[in-house]
>>> print(open('query-v6.cif').read())   # mmCIF, C-alpha atoms
data_target
loop_
_atom_site.label_atom_id
_atom_site.label_comp_id
_atom_site.auth_asym_id
_atom_site.auth_seq_id
_atom_site.Cartn_x
_atom_site.Cartn_y
_atom_site.Cartn_z
CA MET A 991 154.53 77.47 31.59
CA LYS A 992 157.20 79.82 30.35
CA VAL A 993 156.49 83.51 29.77
CA LEU A 994 159.09 85.81 28.24
CA ILE A 995 158.67 89.49 29.02
CA GLY A 996 160.41 92.25 27.10
CA THR A 997 161.98 94.02 30.09
CA LYS A 998 164.30 93.58 33.03
CA ASN A 999 162.17 95.89 35.21
CA PRO A 1000 161.24 94.02 38.41
CA GLY A 1001 157.84 95.76 38.75
CA LYS A 1002 156.80 94.77 35.24
CA ILE A 1003 158.04 91.20 35.70
CA GLU A 1004 156.17 90.86 39.00
CA GLY A 1005 152.99 92.28 37.44
CA ALA A 1006 153.12 89.73 34.62
CA LYS A 1007 153.80 86.89 37.04
CA LYS A 1008 150.87 87.83 39.28
CA ALA A 1009 148.52 88.10 36.27
CA PHE A 1010 149.47 84.73 34.78
CA GLU A 1011 149.39 82.97 38.17
CA ASN A 1012 145.70 83.84 38.44
CA TYR A 1013 145.00 81.40 35.60
CA PHE A 1014 147.96 79.04 35.13
CA GLN A 1015 150.09 76.70 37.26
CA ASP A 1016 153.89 76.68 37.50
CA VAL A 1017 154.44 80.04 35.81
CA GLU A 1018 158.01 81.07 35.07
CA VAL A 1019 158.44 84.67 33.88
CA VAL A 1020 161.82 85.49 32.36
CA GLY A 1021 162.82 89.08 31.67
CA VAL A 1022 164.74 89.84 28.50
CA LYS A 1023 165.66 93.35 27.43
CA ALA A 1024 163.70 94.19 24.29
CA GLU A 1025 163.58 97.55 22.56
CA SER A 1026 160.32 99.45 22.14
CA ASN A 1027 161.57 101.48 19.17
CA VAL A 1028 159.51 104.45 20.39
CA ASN A 1029 160.32 107.49 22.52
CA ASP A 1030 161.27 106.92 26.16
CA GLN A 1031 157.94 108.52 27.05
CA PRO A 1032 155.35 107.25 24.58
CA VAL A 1033 152.47 109.57 23.78
CA GLY A 1034 149.03 108.35 22.70
CA LYS A 1035 148.98 105.35 20.36
CA GLU A 1036 152.76 105.20 20.54
CA THR A 1037 152.21 103.37 23.85
CA LEU A 1038 150.56 100.40 22.10
CA LEU A 1039 153.18 100.52 19.35
CA GLY A 1040 155.98 100.38 21.92
CA ALA A 1041 154.51 97.33 23.66
CA THR A 1042 153.89 95.64 20.30
CA ASN A 1043 157.47 96.33 19.17
CA ARG A 1044 158.83 94.90 22.41
CA VAL A 1045 156.86 91.68 21.90
CA ASP A 1046 157.96 91.41 18.26
CA ASN A 1047 161.61 92.06 19.19
CA LEU A 1048 161.33 89.55 22.01
CA MET A 1049 159.94 86.88 19.68
CA LYS A 1050 162.75 87.57 17.20
CA TYR A 1051 165.32 87.27 19.99
CA ALA A 1052 163.79 83.99 21.18
CA LYS A 1053 163.82 82.54 17.66
CA GLU A 1054 167.44 83.58 17.04
CA ASN A 1055 168.51 82.05 20.37
CA ASN A 1056 166.37 78.88 20.20
CA ILE A 1057 164.34 79.86 23.28
CA ASP A 1058 160.90 78.33 23.58
CA ALA A 1059 158.09 80.08 25.43
CA ASP A 1060 154.34 79.72 25.70
CA TYR A 1061 153.73 83.47 25.83
CA PHE A 1062 155.63 86.60 24.84
CA VAL A 1063 154.57 89.76 26.69
CA ALA A 1064 155.42 93.41 27.09
CA ILE A 1065 153.99 96.47 28.75
CA GLU A 1066 154.51 100.13 28.00
CA SER A 1067 153.51 103.12 30.12
CA GLY A 1068 152.43 106.18 28.16
CA ILE A 1069 150.75 109.53 28.47
CA ASN A 1070 147.59 110.30 26.51
CA ASN A 1071 144.65 112.67 26.37
CA ASP A 1072 142.26 110.31 24.59
CA LEU A 1073 139.42 111.02 27.04
CA GLY A 1074 139.89 114.78 27.13
CA PHE A 1075 142.35 114.88 30.04
CA TRP A 1076 146.00 113.93 30.31
CA ALA A 1077 146.60 110.57 31.95
CA ILE A 1078 149.19 107.83 32.33
CA THR A 1079 148.07 104.39 31.14
CA ASN A 1080 149.91 101.08 30.91
CA VAL A 1081 149.26 99.04 27.78
CA ALA A 1082 150.06 95.31 27.73
CA VAL A 1083 150.47 93.10 24.66
CA ILE A 1084 150.54 89.31 24.82
CA LYS A 1085 151.21 86.89 21.98
CA ASN A 1086 151.11 83.15 22.44
CA SER A 1087 153.28 80.66 20.58
CA LYS A 1088 150.53 80.38 17.90
CA GLY A 1089 150.72 84.12 17.21
CA GLU A 1090 147.34 84.90 18.80
CA VAL A 1091 147.21 88.36 20.38
CA GLY A 1092 145.71 89.89 23.49
CA ILE A 1093 145.80 93.60 24.34
CA GLY A 1094 144.91 95.22 27.65
CA ALA A 1095 145.24 98.46 29.53
CA SER A 1096 145.46 99.44 33.15
CA GLU A 1097 143.56 102.05 35.06
CA SER A 1098 144.66 105.54 34.04
CA PHE A 1099 145.67 108.23 36.46
CA PRO A 1100 145.36 111.94 35.71
CA VAL A 1101 148.35 114.19 35.12
CA PRO A 1102 148.15 117.90 36.02
CA LYS A 1103 148.59 120.09 32.91
CA LYS A 1104 151.59 121.82 34.48
CA TYR A 1105 153.60 118.57 34.25
CA VAL A 1106 152.52 117.33 30.80
CA ASP A 1107 155.20 119.06 28.69
CA THR A 1108 157.99 117.96 31.03
CA ILE A 1109 156.74 114.36 31.03
CA ILE A 1110 156.48 114.29 27.22
CA LYS A 1111 160.01 115.74 26.84
CA ASP A 1112 161.51 113.34 29.39
CA THR A 1113 159.43 110.76 31.29
CA LEU A 1114 157.19 110.62 34.35
CA ALA A 1115 160.02 109.38 36.59
CA PRO A 1116 161.93 112.66 37.12
CA ILE A 1117 158.71 114.51 38.04
CA MET A 1118 157.79 111.85 40.60
CA ASP A 1119 161.34 111.68 41.97
CA MET A 1120 161.33 115.48 42.39
CA LEU A 1121 157.85 115.74 43.93
CA PHE A 1122 158.31 112.89 46.39
CA GLU A 1123 162.08 113.18 46.90
CA LYS A 1124 162.56 109.53 46.00
CA SER A 1125 164.57 107.77 43.31
CA ASP A 1126 163.92 104.86 40.93
CA LEU A 1127 160.22 104.63 41.76
CA ARG A 1128 159.62 102.81 38.45
CA SER A 1129 161.22 99.65 39.90
CA SER A 1130 159.05 99.60 43.02
CA THR A 1131 155.66 101.11 43.87
CA GLY A 1132 155.91 103.71 41.14
CA GLY A 1133 154.59 107.22 41.41
CA ILE A 1134 151.07 105.82 41.55
CA GLY A 1135 151.93 104.10 44.83
CA LEU A 1136 152.78 107.48 46.33
CA LEU A 1137 149.83 109.25 44.68
CA THR A 1138 147.32 106.68 46.02
CA HIS A 1139 149.07 106.28 49.39
CA ASP A 1140 149.89 102.68 48.43
CA ILE A 1141 146.30 101.65 47.68
CA LEU A 1142 147.48 100.90 44.11
CA THR A 1143 151.08 100.39 43.06
CA ARG A 1144 152.83 100.18 39.73
CA ILE A 1145 152.83 96.40 40.12
CA ASP A 1146 149.03 96.50 40.52
CA LEU A 1147 148.61 98.56 37.33
CA ASN A 1148 150.90 96.20 35.44
CA THR A 1149 149.04 93.17 36.80
CA HIS A 1150 145.67 94.63 35.81
CA ALA A 1151 146.83 95.47 32.27
CA PHE A 1152 148.14 91.91 31.81
CA VAL A 1153 144.92 90.41 33.21
CA MET A 1154 142.95 92.44 30.64
CA ALA A 1155 145.28 91.26 27.87
CA LEU A 1156 144.80 87.65 28.97
CA THR A 1157 141.01 87.71 28.48
CA PRO A 1158 141.15 86.26 24.93
CA PHE A 1159 143.35 83.40 26.16
CA ILE A 1160 141.41 82.40 29.27
CA ASN A 1161 137.93 82.30 27.72
CA ASN A 1162 138.46 79.80 24.90
CA ASN A 1163 136.92 81.24 21.76
CA LEU A 1164 134.25 83.29 23.54
CA TRP A 1165 136.31 86.48 23.68
CA LYS A 1166 138.74 86.23 20.76
CA ASP A 1167 139.13 88.59 17.89
CA GLU A 1168 141.34 88.39 14.88
CA ILE A 1169 143.77 91.09 15.96
CA GLU A 1170 146.62 91.85 13.67
CA LEU A 1171 149.07 94.32 15.12
CA THR A 1172 151.02 96.37 12.66
CA ASN A 1173 153.63 99.04 13.03
CA ASN A 1174 151.46 101.65 11.28
#
>>> encode(input="query-v6.cif", output="structure tokens")
Amino acid sequence: MKVLIGTKNPGKIEGAKKAFENYFQDVEVVGVKAESNVNDQPVGKETLLGATNRVDNLMKYAKENNIDADYFVAIESGINNDLGFWAITNVAVIKNSKGEVGIGASESFPVPKKYVDTIIKDTLAPIMDMLFEKSDLRSSTGGIGLLTHDILTRIDLNTHAFVMALTPFINNNLWKDEIELTNN
């Protein structure tokens, strides 16, 4: 089974691979740079839009380059206050070769108010790098690995979001919905 993912980030690729390997044999996940067409730090629903755009751009790239895949996937990490507190959440989008869609989200972790404006203006990475005196956390455990003392890592959050997005695909027609993603 071939899965194309709209990123070259090793943590996102590993998260997708782990999620798909729970349900499928001989999974190959290939990373391809795909644009999100949203801000570097998505806010609110922009997170879903960014993941959707990455999948759409990935599918366009595959078609233009005659690349076949069973699934096209992307994940976007964004900040939101949908539940009344600021949090970081990963949103995954999966489309299969038939155009069927699955959407999932990871656990969210809270963001102190004092960091929200800086994260929105830039991204979470510089705050985490500064606080923990590390660099390029997004490619490894992520800030969440440090915040949870490695109980959960960025790869775990990515894996969980992809598992949630796979639920329509792994349960036959029991858990499918006619989802049509638009750029509105």
>>> closest_residue(input="query-v6.cif", among="A:Asn1056, A:Thr1113, A:Ser1098, A:Asn1029", to="A:Thr1079", atoms="only C-alpha atoms")
A:Ser1098
>>> closest_residue(input="query-v6.cif", among="A:Thr997, A:Asn1163, A:Asn1043, A:Thr1157", to="A:Ala1009", atoms="all atoms listed in the file")
A:Thr1157
>>> closest_residue(input="query-v6.cif", among="A:Asp1119, A:Glu1054, A:Asp1167, A:Glu1066", to="A:Leu1038", atoms="only C-alpha atoms")
A:Glu1066
>>> closest_residue(input="query-v6.cif", among="A:Asn1148, A:Asn1162, A:Ser1067, A:Asn999", to="A:Val1020", atoms="all atoms listed in the file")
A:Asn999
>>> atom_distance(input="query-v6.cif", atom1="atom CA of A:Gly1021", atom2="atom CA of A:Lys1053")
15.5 Å
>>> resolve_selection(input="query-v6.cif", expression="the PyMOL selection byres ((chain A and resi 1137) around 12)", output="tab-separated table (two decimals) with C-alpha atoms, in the frame of the given file")
chain	number	residue	atom	x	y	z
A	1099	PHE	CA	145.67	108.23	36.46
A	1100	PRO	CA	145.36	111.94	35.71
A	1101	VAL	CA	148.35	114.19	35.12
A	1118	MET	CA	157.79	111.85	40.60
A	1121	LEU	CA	157.85	115.74	43.93
A	1122	PHE	CA	158.31	112.89	46.39
A	1127	LEU	CA	160.22	104.63	41.76
A	1131	THR	CA	155.66	101.11	43.87
A	1132	GLY	CA	155.91	103.71	41.14
A	1133	GLY	CA	154.59	107.22	41.41
A	1134	ILE	CA	151.07	105.82	41.55
A	1135	GLY	CA	151.93	104.10	44.83
A	1136	LEU	CA	152.78	107.48	46.33
A	1138	THR	CA	147.32	106.68	46.02
A	1139	HIS	CA	149.07	106.28	49.39
A	1140	ASP	CA	149.89	102.68	48.43
A	1141	ILE	CA	146.30	101.65	47.68
A	1142	LEU	CA	147.48	100.90	44.11
A	1143	THR	CA	151.08	100.39	43.06
A	1144	ARG	CA	152.83	100.18	39.73
>>> resolve_selection(input="query-v6.cif", expression="the PyMOL selection byres ((chain A and resi 1030) around 9)", output="number ranges by chain")
A: 1026-1029, 1031-1032, 1110-1113
>>> write_last_selection(input="query-v6.cif", atoms="C-alpha atoms", output="CSV table (one decimal), keeping the file's coordinate frame")
chain,number,residue,atom,x,y,z
A,1026,SER,CA,160.3,99.4,22.1
A,1027,ASN,CA,161.6,101.5,19.2
A,1028,VAL,CA,159.5,104.4,20.4
A,1029,ASN,CA,160.3,107.5,22.5
A,1031,GLN,CA,157.9,108.5,27.0
A,1032,PRO,CA,155.4,107.2,24.6
A,1110,ILE,CA,156.5,114.3,27.2
A,1111,LYS,CA,160.0,115.7,26.8
A,1112,ASP,CA,161.5,113.3,29.4
A,1113,THR,CA,159.4,110.8,31.3
>>> closest_residue(input="query-v6.cif", among="A:Ala1024, A:Ile1065, A:Met1120, A:Gly1034", to="A:Gly1001", atoms="all atoms listed in the file")
A:Ile1065
>>> resolve_selection(input="query-v6.cif", expression="the PyMOL selection byres ((chain A and resi 1047) around 12)", output="list in words")
Leu994, Ile995, Gly996, Thr997, Val1022, Lys1023, Ala1024, Glu1025, Ser1026, Asn1027, Leu1039, Gly1040, Ala1041, Thr1042, Asn1043, Arg1044, Val1045, Asp1046, Leu1048, Met1049, Lys1050, Tyr1051, Ala1052, Lys1053, Glu1054, Phe1062, Val1063, Ala1064 and Lys1085 of chain A
>>> closest_residue(input="query-v6.cif", among="A:Phe1159, A:Trp1165, A:Tyr1061, A:Tyr1013", to="A:Ser1087", atoms="all atoms listed in the file")
A:Tyr1061
>>> atom_distance(input="query-v6.cif", atom1="atom CA of A:Asn1161", atom2="atom CA of A:Ile1145")
24.0 Å
>>> atom_distance(input="query-v6.cif", atom1="atom CA of A:Ala1006", atom2="atom CA of A:Asn1080")
12.4 Å
>>> axis_aligned_box(input="query-v6.cif", around="stretch 1081-1084 of chain A", padding_each_side="8 Å", output="lines of an AutoDock Vina configuration file")
center_x = 149.9
center_y = 94.2
center_z = 26.2
size_x = 17.3
size_y = 25.7
size_z = 19.1
>>> residues_near_point(input="query-v6.cif", point="(144.7, 101.3, 31.7)", cutoff="8 Å", atoms="only C-alpha atoms", output="list of chain:residue names")
A:Ile1078, A:Thr1079, A:Asn1080, A:Val1081, A:Gly1094, A:Ala1095, A:Ser1096, A:Glu1097, A:Ser1098, A:Leu1147, A:His1150, A:Ala1151
>>> decode(input="query-v6.cif", residues="stretch 999-1042 of chain A", atoms="C-alpha atoms", output="PDB file, in the first residue's frame")
ATOM      1  CA  ASN A 999       8.934  16.273   8.148  1.00  0.00           C
ATOM      2  CA  PRO A1000      10.203  12.984   9.636  1.00  0.00           C
ATOM      3  CA  GLY A1001       7.889  13.177  12.683  1.00  0.00           C
ATOM      4  CA  LYS A1002       4.794  13.567  10.522  1.00  0.00           C
ATOM      5  CA  ILE A1003       5.895  10.793   8.159  1.00  0.00           C
ATOM      6  CA  GLU A1004       6.572   8.434  11.078  1.00  0.00           C
ATOM      7  CA  GLY A1005       3.190   9.273  12.646  1.00  0.00           C
ATOM      8  CA  ALA A1006       1.373   8.438   9.407  1.00  0.00           C
ATOM      9  CA  LYS A1007       3.336   5.209   8.983  1.00  0.00           C
ATOM     10  CA  LYS A1008       2.560   4.050  12.526  1.00  0.00           C
ATOM     11  CA  ALA A1009      -1.151   4.839  12.096  1.00  0.00           C
ATOM     12  CA  PHE A1010      -1.522   2.995   8.787  1.00  0.00           C
ATOM     13  CA  GLU A1011       0.522   0.004   9.986  1.00  0.00           C
ATOM     14  CA  ASN A1012      -2.102  -0.601  12.677  1.00  0.00           C
ATOM     15  CA  TYR A1013      -4.557  -1.606   9.942  1.00  0.00           C
ATOM     16  CA  PHE A1014      -2.693  -2.404   6.721  1.00  0.00           C
ATOM     17  CA  GLN A1015       0.206  -4.601   5.585  1.00  0.00           C
ATOM     18  CA  ASP A1016       3.275  -3.478   3.617  1.00  0.00           C
ATOM     19  CA  VAL A1017       2.743   0.252   4.098  1.00  0.00           C
ATOM     20  CA  GLU A1018       5.045   2.605   2.226  1.00  0.00           C
ATOM     21  CA  VAL A1019       4.764   6.284   3.216  1.00  0.00           C
ATOM     22  CA  VAL A1020       6.409   8.742   0.846  1.00  0.00           C
ATOM     23  CA  GLY A1021       6.881  12.364   1.833  1.00  0.00           C
ATOM     24  CA  VAL A1022       6.345  15.036  -0.799  1.00  0.00           C
ATOM     25  CA  LYS A1023       6.510  18.746  -0.052  1.00  0.00           C
ATOM     26  CA  ALA A1024       3.026  20.193  -0.469  1.00  0.00           C
ATOM     27  CA  GLU A1025       1.969  23.727   0.358  1.00  0.00           C
ATOM     28  CA  SER A1026      -0.715  24.432   2.947  1.00  0.00           C
ATOM     29  CA  ASN A1027      -1.591  27.855   1.511  1.00  0.00           C
ATOM     30  CA  VAL A1028      -2.259  29.117   5.052  1.00  0.00           C
ATOM     31  CA  ASN A1029      -0.145  30.974   7.600  1.00  0.00           C
ATOM     32  CA  ASP A1030       2.896  29.193   9.035  1.00  0.00           C
ATOM     33  CA  GLN A1031       0.983  29.054  12.318  1.00  0.00           C
ATOM     34  CA  PRO A1032      -2.641  28.236  11.508  1.00  0.00           C
ATOM     35  CA  VAL A1033      -5.258  29.592  13.886  1.00  0.00           C
ATOM     36  CA  GLY A1034      -8.637  27.927  14.449  1.00  0.00           C
ATOM     37  CA  LYS A1035     -10.304  26.441  11.363  1.00  0.00           C
ATOM     38  CA  GLU A1036      -7.302  27.477   9.295  1.00  0.00           C
ATOM     39  CA  THR A1037      -5.673  24.296  10.662  1.00  0.00           C
ATOM     40  CA  LEU A1038      -8.178  22.057   8.850  1.00  0.00           C
ATOM     41  CA  LEU A1039      -7.938  24.230   5.744  1.00  0.00           C
ATOM     42  CA  GLY A1040      -4.144  23.890   5.725  1.00  0.00           C
ATOM     43  CA  ALA A1041      -4.277  20.092   5.955  1.00  0.00           C
ATOM     44  CA  THR A1042      -6.984  19.974   3.268  1.00  0.00           C
TER      45      THR A1042
END
